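In what follows, a structure is listed as C-alpha cells, so that the remarks can point back to it.
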Amino acid sequence: MSKTVDKLQRMRIFVAVVNEGSFVKAAVSLELKAPTVSKAIQLLEFDMKARLLIRTTRSVMVTDIGQRYYEKARFILNEVQDLENETRQASGSARGKIKITAPVSFGEHVLGPLIPQFLKKYPDIEIELDLTGDIRDLKRDGFDIGIRNGMSDQLQDFYYLPFRSLKPTLVASPSYLSENENLTHPEQLGNHQIVILRAGSRLFNRWTFQKDGEEDFRFNASGRYICNHIQNGIEAAIQGLGIANTYAFYIEKMLENGQLVKLLPDYHQPDVLRFAYYHQKRTLSPKLDVFLTFLEERVGM
C-alpha cells in the first residue's frame, strides 16, 4: 500500500473518530478493529507532529489544530469521493448518492412527494436529504445540491438553477378580521397582531409593499409569536392569532376553502427567488444532471 493511500485511510479514520466522538464507535462504523483506529491516529499525529485529539476515559476532544485538520480533511475526502463517482459514471449511467440540503418547507411540500418518484425512476441512485433553515457550505459539509430562497453573498461561487419565484402574500383568518380593524393600507399593520416566520437565523420581518403611483412602503414587523416552520405560522393565522406574511405557494388550498383571506390585494410584495445551487458542472455528473432535470420538469420556472 502506498504512503498516499495510507494517509487517506488515516484521514478517513480521523474524520470518523471526530464524527462519532469515540474511537470504538469509529472502528464500528469503518468495520475496523479498535487497535487499528488507535494506531492510525497515533501515526497521523506523529506524521503531523501535532496533537490532534485529546482522549479521556469518557470522551474524545478535538484540539484547535485538530479542528482545522478535520475541516480540511473532510473537504479532501469529499473531493476524492466526487472524483471516484465521476470516474465510475464516465459511462454516462446515473448512479451513486446525492446529498441535498433544503429549507424545511420546500422539503415537506415539494421534495417530500417528488423524491420517492425520482428514486423509483432511477434505482441506482441514493438520496440523503437534510432539511434546515440555515445555509450549508456544500463543499465543506459534503452536499451535492442546496436549495434556497433568496440570494446570499455566500453563494456567489456556485452554479444556479432557478425555479418559479415565491410570491409573499399577506393573510389572516375570517375570525381575526371580524374582530380587528379593517386593513386598507400597509401603514395600518402596526395596529395588528403579527405572526412572524424565521428561517435559520434569518427573521422575515422586513416587508416591502408596492403599488403603482405610490412610493414603496416598508414595514418592520414585530409580534408575540415567531416560528421557524411555515406550516406552524400558517396554522397560527388560521386559528386567528394574527396576520401572517407567507408564500402563496403554501396557502392556495386555505384561500380556496376560506380558512384564510388575502389582505391588501391592491398591493404586492417583491417576488423571492427560489433556486438550486451546486458546485459541480452537470455535464460531469449524470446523477446530478438527471435530478436537476427532474426538478426542472416538475417545479419549473
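Residues in the C-alpha cells are named by chain (A, B, ... in the order shown) and by number from 1 within that chain; ligands are numbered from 1 in the order shown.
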Please identify all polymer residues within 8 Å of stretch 118-121 of chain A, counting only C-alpha atoms, omitting same-chain residues fewer than 6 positions from it, and present them as an mmCIF file with C-alpha atoms, in the first residue's frame.
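Below you can see out.cif, which holds the result:
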data_model
loop_
_atom_site.group_PDB
_atom_site.id
_atom_site.type_symbol
_atom_site.label_atom_id
_atom_site.label_comp_id
_atom_site.auth_asym_id
_atom_site.auth_seq_id
_atom_site.Cartn_x
_atom_site.Cartn_y
_atom_site.Cartn_z
ATOM 1 C CA ILE A 127 -30.577 10.376 -1.832
ATOM 2 C CA PHE A 291 -32.020 15.003 -10.635
ATOM 3 C CA PHE A 294 -36.314 16.069 -12.863
#
_Can you tell me, as a ChimeraX atom specification, which residues in stretch 192-270 of chain A count as alpha helix (DSSP H) by DSSP?_
/A:230-238,248-256
_Residue among A:Thr132, A:Asn228, A:Ser22, A:Thr169 lying closest to A:Arg148, counting only C-alpha atoms_ =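 Among the listed residues, the smallest separation from A:Arg148 belongs to A:Thr132.
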*When you draw a straight line from atom CA of A:Leu8 to atom CA of A:Tyr278, how long is it in Å?*
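So the answer is 25.3 Å.
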*Using only C-alpha atoms, which residue out of A:Trp207, A:Tyr267, A:Phe275, A:Phe217 lies closest to A:Ile147?*
A:Phe275
*What residues in stretch 121-202 of chain A get the DSSP label strand (DSSP E or B)? Please answer as number ranges by chain.*
A: 125-131, 145-149, 159-162, 166, 168-172, 194-199, 202
Keeping only N, CA and C atoms, write those residues as a compact mmCIF listing (two decimals), in the first residue's frame.
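The file below, selection_24.txt, is the result:
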# COMPACT_ATOMS: atom_id res chain seq x y z
N ILE A 125 -29.65 5.23 -7.89
CA ILE A 125 -29.30 6.47 -7.19
C ILE A 125 -29.84 6.43 -5.76
N GLU A 126 -29.04 6.94 -4.83
CA GLU A 126 -29.46 7.11 -3.44
C GLU A 126 -29.55 8.60 -3.14
N ILE A 127 -30.45 8.97 -2.22
CA ILE A 127 -30.58 10.38 -1.83
C ILE A 127 -30.52 10.50 -0.32
N GLU A 128 -29.72 11.46 0.14
CA GLU A 128 -29.69 11.83 1.55
C GLU A 128 -30.16 13.28 1.63
N LEU A 129 -31.24 13.52 2.37
CA LEU A 129 -31.88 14.84 2.41
C LEU A 129 -31.72 15.46 3.79
N ASP A 130 -31.23 16.69 3.82
CA ASP A 130 -31.05 17.45 5.06
C ASP A 130 -31.93 18.69 4.98
N LEU A 131 -32.91 18.81 5.90
CA LEU A 131 -33.81 19.96 5.90
C LEU A 131 -33.43 20.91 7.03
N ILE A 145 -26.15 19.31 -3.71
CA ILE A 145 -27.14 20.32 -4.12
C ILE A 145 -27.69 21.02 -2.88
N GLY A 146 -27.84 22.33 -3.00
CA GLY A 146 -28.55 23.10 -1.99
C GLY A 146 -29.73 23.79 -2.63
N ILE A 147 -30.81 23.96 -1.89
CA ILE A 147 -31.97 24.68 -2.39
C ILE A 147 -32.28 25.79 -1.39
N ARG A 148 -32.40 27.01 -1.88
CA ARG A 148 -32.57 28.17 -1.01
C ARG A 148 -33.58 29.14 -1.59
N ASN A 149 -34.10 29.98 -0.70
CA ASN A 149 -34.94 31.10 -1.09
C ASN A 149 -34.15 32.38 -0.89
N TYR A 159 -23.00 27.22 -9.28
CA TYR A 159 -23.91 27.20 -10.41
C TYR A 159 -25.34 27.28 -9.86
N TYR A 160 -26.27 27.81 -10.68
CA TYR A 160 -27.63 28.00 -10.22
C TYR A 160 -28.65 27.41 -11.18
N LEU A 161 -29.76 26.96 -10.61
CA LEU A 161 -30.92 26.55 -11.39
C LEU A 161 -32.14 27.24 -10.77
N PRO A 162 -32.69 28.28 -11.41
CA PRO A 162 -33.84 28.98 -10.83
C PRO A 162 -35.13 28.19 -11.01
N LEU A 166 -41.20 32.77 -5.51
CA LEU A 166 -42.21 32.74 -4.47
C LEU A 166 -42.84 34.12 -4.34
N PRO A 168 -44.71 36.55 -1.86
CA PRO A 168 -45.16 36.81 -0.48
C PRO A 168 -46.61 37.29 -0.50
N THR A 169 -47.39 36.76 0.42
CA THR A 169 -48.82 37.05 0.47
C THR A 169 -49.25 37.26 1.91
N LEU A 170 -49.94 38.35 2.15
CA LEU A 170 -50.41 38.70 3.49
C LEU A 170 -51.79 38.09 3.70
N VAL A 171 -51.97 37.33 4.80
CA VAL A 171 -53.24 36.64 5.04
C VAL A 171 -53.64 36.70 6.52
N ALA A 172 -54.92 36.48 6.75
CA ALA A 172 -55.45 36.34 8.11
C ALA A 172 -56.73 35.53 8.02
N ILE A 194 -49.14 40.22 14.66
CA ILE A 194 -48.40 39.66 13.53
C ILE A 194 -47.78 38.32 13.92
N VAL A 195 -47.90 37.35 13.03
CA VAL A 195 -47.19 36.07 13.17
C VAL A 195 -45.95 36.15 12.28
N ILE A 196 -44.77 35.97 12.86
CA ILE A 196 -43.53 36.18 12.13
C ILE A 196 -42.82 34.85 11.87
N LEU A 197 -42.32 34.70 10.67
CA LEU A 197 -41.61 33.49 10.27
C LEU A 197 -40.10 33.72 10.31
N ARG A 198 -39.37 32.66 10.63
CA ARG A 198 -37.91 32.72 10.67
C ARG A 198 -37.36 31.49 9.95
N ALA A 199 -36.25 31.68 9.22
CA ALA A 199 -35.54 30.57 8.57
C ALA A 199 -34.11 30.59 9.07
N ARG A 202 -32.32 33.86 10.16
CA ARG A 202 -32.89 34.99 9.43
C ARG A 202 -34.36 35.18 9.77
*Could you work out how far atom CA of A:Leu77 lies from atom CA of A:Asp137, giving the answer in Å with one decimal?*
15.1 Å
_A:Leu288, A:Leu203, A:Val299, A:Val28 ranked by distance to A:Asp82, top pick (using only C-alpha atoms)_ =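 Closest to A:Asp82, using only C-alpha atoms: A:Leu288.
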*Surrounding residues of A:Gln9 excluding itself and chain neighbours under 6 positions, 12 Å, only C-alpha atoms, as a list of chain:residue names*: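 Answer for this query is A:Met1, A:Ser2, A:Lys3, A:Val15, A:Ala16, A:Leu30, A:Leu32, A:Thr36, A:Val37, A:Lys39, A:Ala40, A:Ile41, A:Leu43, A:Leu44, A:Ala73, A:Ile76, A:Leu77, A:Val80.
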I need the residues from that last selection saved to file as a PDB file, in the first residue's frame (with N, CA and C atoms), if you can.
ATOM      1  N   MET A   1       0.845  -1.197   0.000  1.00  0.00           N
ATOM      2  CA  MET A   1       0.000   0.000   0.000  1.00  0.00           C
ATOM      3  C   MET A   1       0.877   1.243   0.000  1.00  0.00           C
ATOM      4  N   SER A   2       0.581   2.225  -0.852  1.00  0.00           N
ATOM      5  CA  SER A   2       1.409   3.419  -0.950  1.00  0.00           C
ATOM      6  C   SER A   2       1.217   4.321   0.249  1.00  0.00           C
ATOM      7  N   LYS A   3       2.194   5.243   0.443  1.00  0.00           N
ATOM      8  CA  LYS A   3       2.082   6.195   1.539  1.00  0.00           C
ATOM      9  C   LYS A   3       0.865   7.094   1.368  1.00  0.00           C
ATOM     10  N   VAL A  15     -11.400  11.514  10.665  1.00  0.00           N
ATOM     11  CA  VAL A  15     -12.702  12.150  10.460  1.00  0.00           C
ATOM     12  C   VAL A  15     -13.807  11.328  11.128  1.00  0.00           C
ATOM     13  N   ALA A  16     -13.717  10.019  11.024  1.00  0.00           N
ATOM     14  CA  ALA A  16     -14.719   9.152  11.648  1.00  0.00           C
ATOM     15  C   ALA A  16     -14.681   9.281  13.167  1.00  0.00           C
ATOM     16  N   LEU A  30     -16.407   2.021  10.577  1.00  0.00           N
ATOM     17  CA  LEU A  30     -15.475   1.732   9.480  1.00  0.00           C
ATOM     18  C   LEU A  30     -15.194   0.243   9.318  1.00  0.00           C
ATOM     19  N   LEU A  32     -13.500  -1.683  11.334  1.00  0.00           N
ATOM     20  CA  LEU A  32     -12.099  -1.919  11.679  1.00  0.00           C
ATOM     21  C   LEU A  32     -12.003  -2.344  13.137  1.00  0.00           C
ATOM     22  N   THR A  36      -6.596  -0.830  15.524  1.00  0.00           N
ATOM     23  CA  THR A  36      -6.215  -0.267  14.228  1.00  0.00           C
ATOM     24  C   THR A  36      -6.515   1.221  14.179  1.00  0.00           C
ATOM     25  N   VAL A  37      -7.654   1.603  14.727  1.00  0.00           N
ATOM     26  CA  VAL A  37      -8.035   3.015  14.759  1.00  0.00           C
ATOM     27  C   VAL A  37      -7.069   3.802  15.636  1.00  0.00           C
ATOM     28  N   LYS A  39      -3.998   3.081  16.447  1.00  0.00           N
ATOM     29  CA  LYS A  39      -2.678   3.129  15.819  1.00  0.00           C
ATOM     30  C   LYS A  39      -2.658   4.157  14.681  1.00  0.00           C
ATOM     31  N   ALA A  40      -3.735   4.209  13.916  1.00  0.00           N
ATOM     32  CA  ALA A  40      -3.805   5.154  12.798  1.00  0.00           C
ATOM     33  C   ALA A  40      -3.740   6.595  13.300  1.00  0.00           C
ATOM     34  N   ILE A  41      -4.448   6.899  14.378  1.00  0.00           N
ATOM     35  CA  ILE A  41      -4.427   8.252  14.939  1.00  0.00           C
ATOM     36  C   ILE A  41      -3.046   8.579  15.485  1.00  0.00           C
ATOM     37  N   LEU A  43      -0.170   7.356  14.446  1.00  0.00           N
ATOM     38  CA  LEU A  43       0.722   7.578  13.316  1.00  0.00           C
ATOM     39  C   LEU A  43       0.436   8.921  12.630  1.00  0.00           C
ATOM     40  N   LEU A  44      -0.828   9.281  12.561  1.00  0.00           N
ATOM     41  CA  LEU A  44      -1.207  10.547  11.945  1.00  0.00           C
ATOM     42  C   LEU A  44      -0.641  11.720  12.743  1.00  0.00           C
ATOM     43  N   ALA A  73      -9.601  17.938   6.065  1.00  0.00           N
ATOM     44  CA  ALA A  73      -9.625  16.516   5.721  1.00  0.00           C
ATOM     45  C   ALA A  73     -10.985  16.101   5.179  1.00  0.00           C
ATOM     46  N   ILE A  76     -11.260  17.284   1.632  1.00  0.00           N
ATOM     47  CA  ILE A  76     -10.437  16.465   0.723  1.00  0.00           C
ATOM     48  C   ILE A  76     -11.107  15.128   0.457  1.00  0.00           C
ATOM     49  N   LEU A  77     -11.625  14.498   1.494  1.00  0.00           N
ATOM     50  CA  LEU A  77     -12.278  13.195   1.334  1.00  0.00           C
ATOM     51  C   LEU A  77     -13.524  13.309   0.468  1.00  0.00           C
ATOM     52  N   VAL A  80     -12.315  13.516  -3.078  1.00  0.00           N
ATOM     53  CA  VAL A  80     -11.896  12.196  -3.540  1.00  0.00           C
ATOM     54  C   VAL A  80     -13.118  11.352  -3.902  1.00  0.00           C
TER      55      VAL A  80
END
*In Å, with one decimal, what is the gap from atom CA of A:Ser178 to atom CA of A:Phe204?*
26.0 Å
*Closest of A:Val24, A:Ala276, A:Cys227, A:Ala237 to A:Phe163 - atom-to-atom distances counting only C-alpha atoms*: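 Of the candidates, the smallest distance to A:Phe163 is held by A:Ala276.
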_Could you list, as a VMD selection string, every residue within 12 Å of A:Glu252, counting only C-alpha atoms and ignoring same-chain residues fewer than 4 positions away?_
chain A and resid 167 169 171 234 246 to 248 256 to 262
*From the list A:Gly242, A:Val62, A:Gln269, A:Ile230, which residue is nearest A:Ser105 when using only C-alpha atoms?*
A:Ile230
*For each of A:Arg164, A:Lys281, A:Lys99, A:Lys139, take the minimum atom-to-atom distance to A:Glu297, counting only C-alpha atoms, then give the residue where this is smallest.*
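Ranked by minimum distance to A:Glu297, first place goes to A:Arg164.
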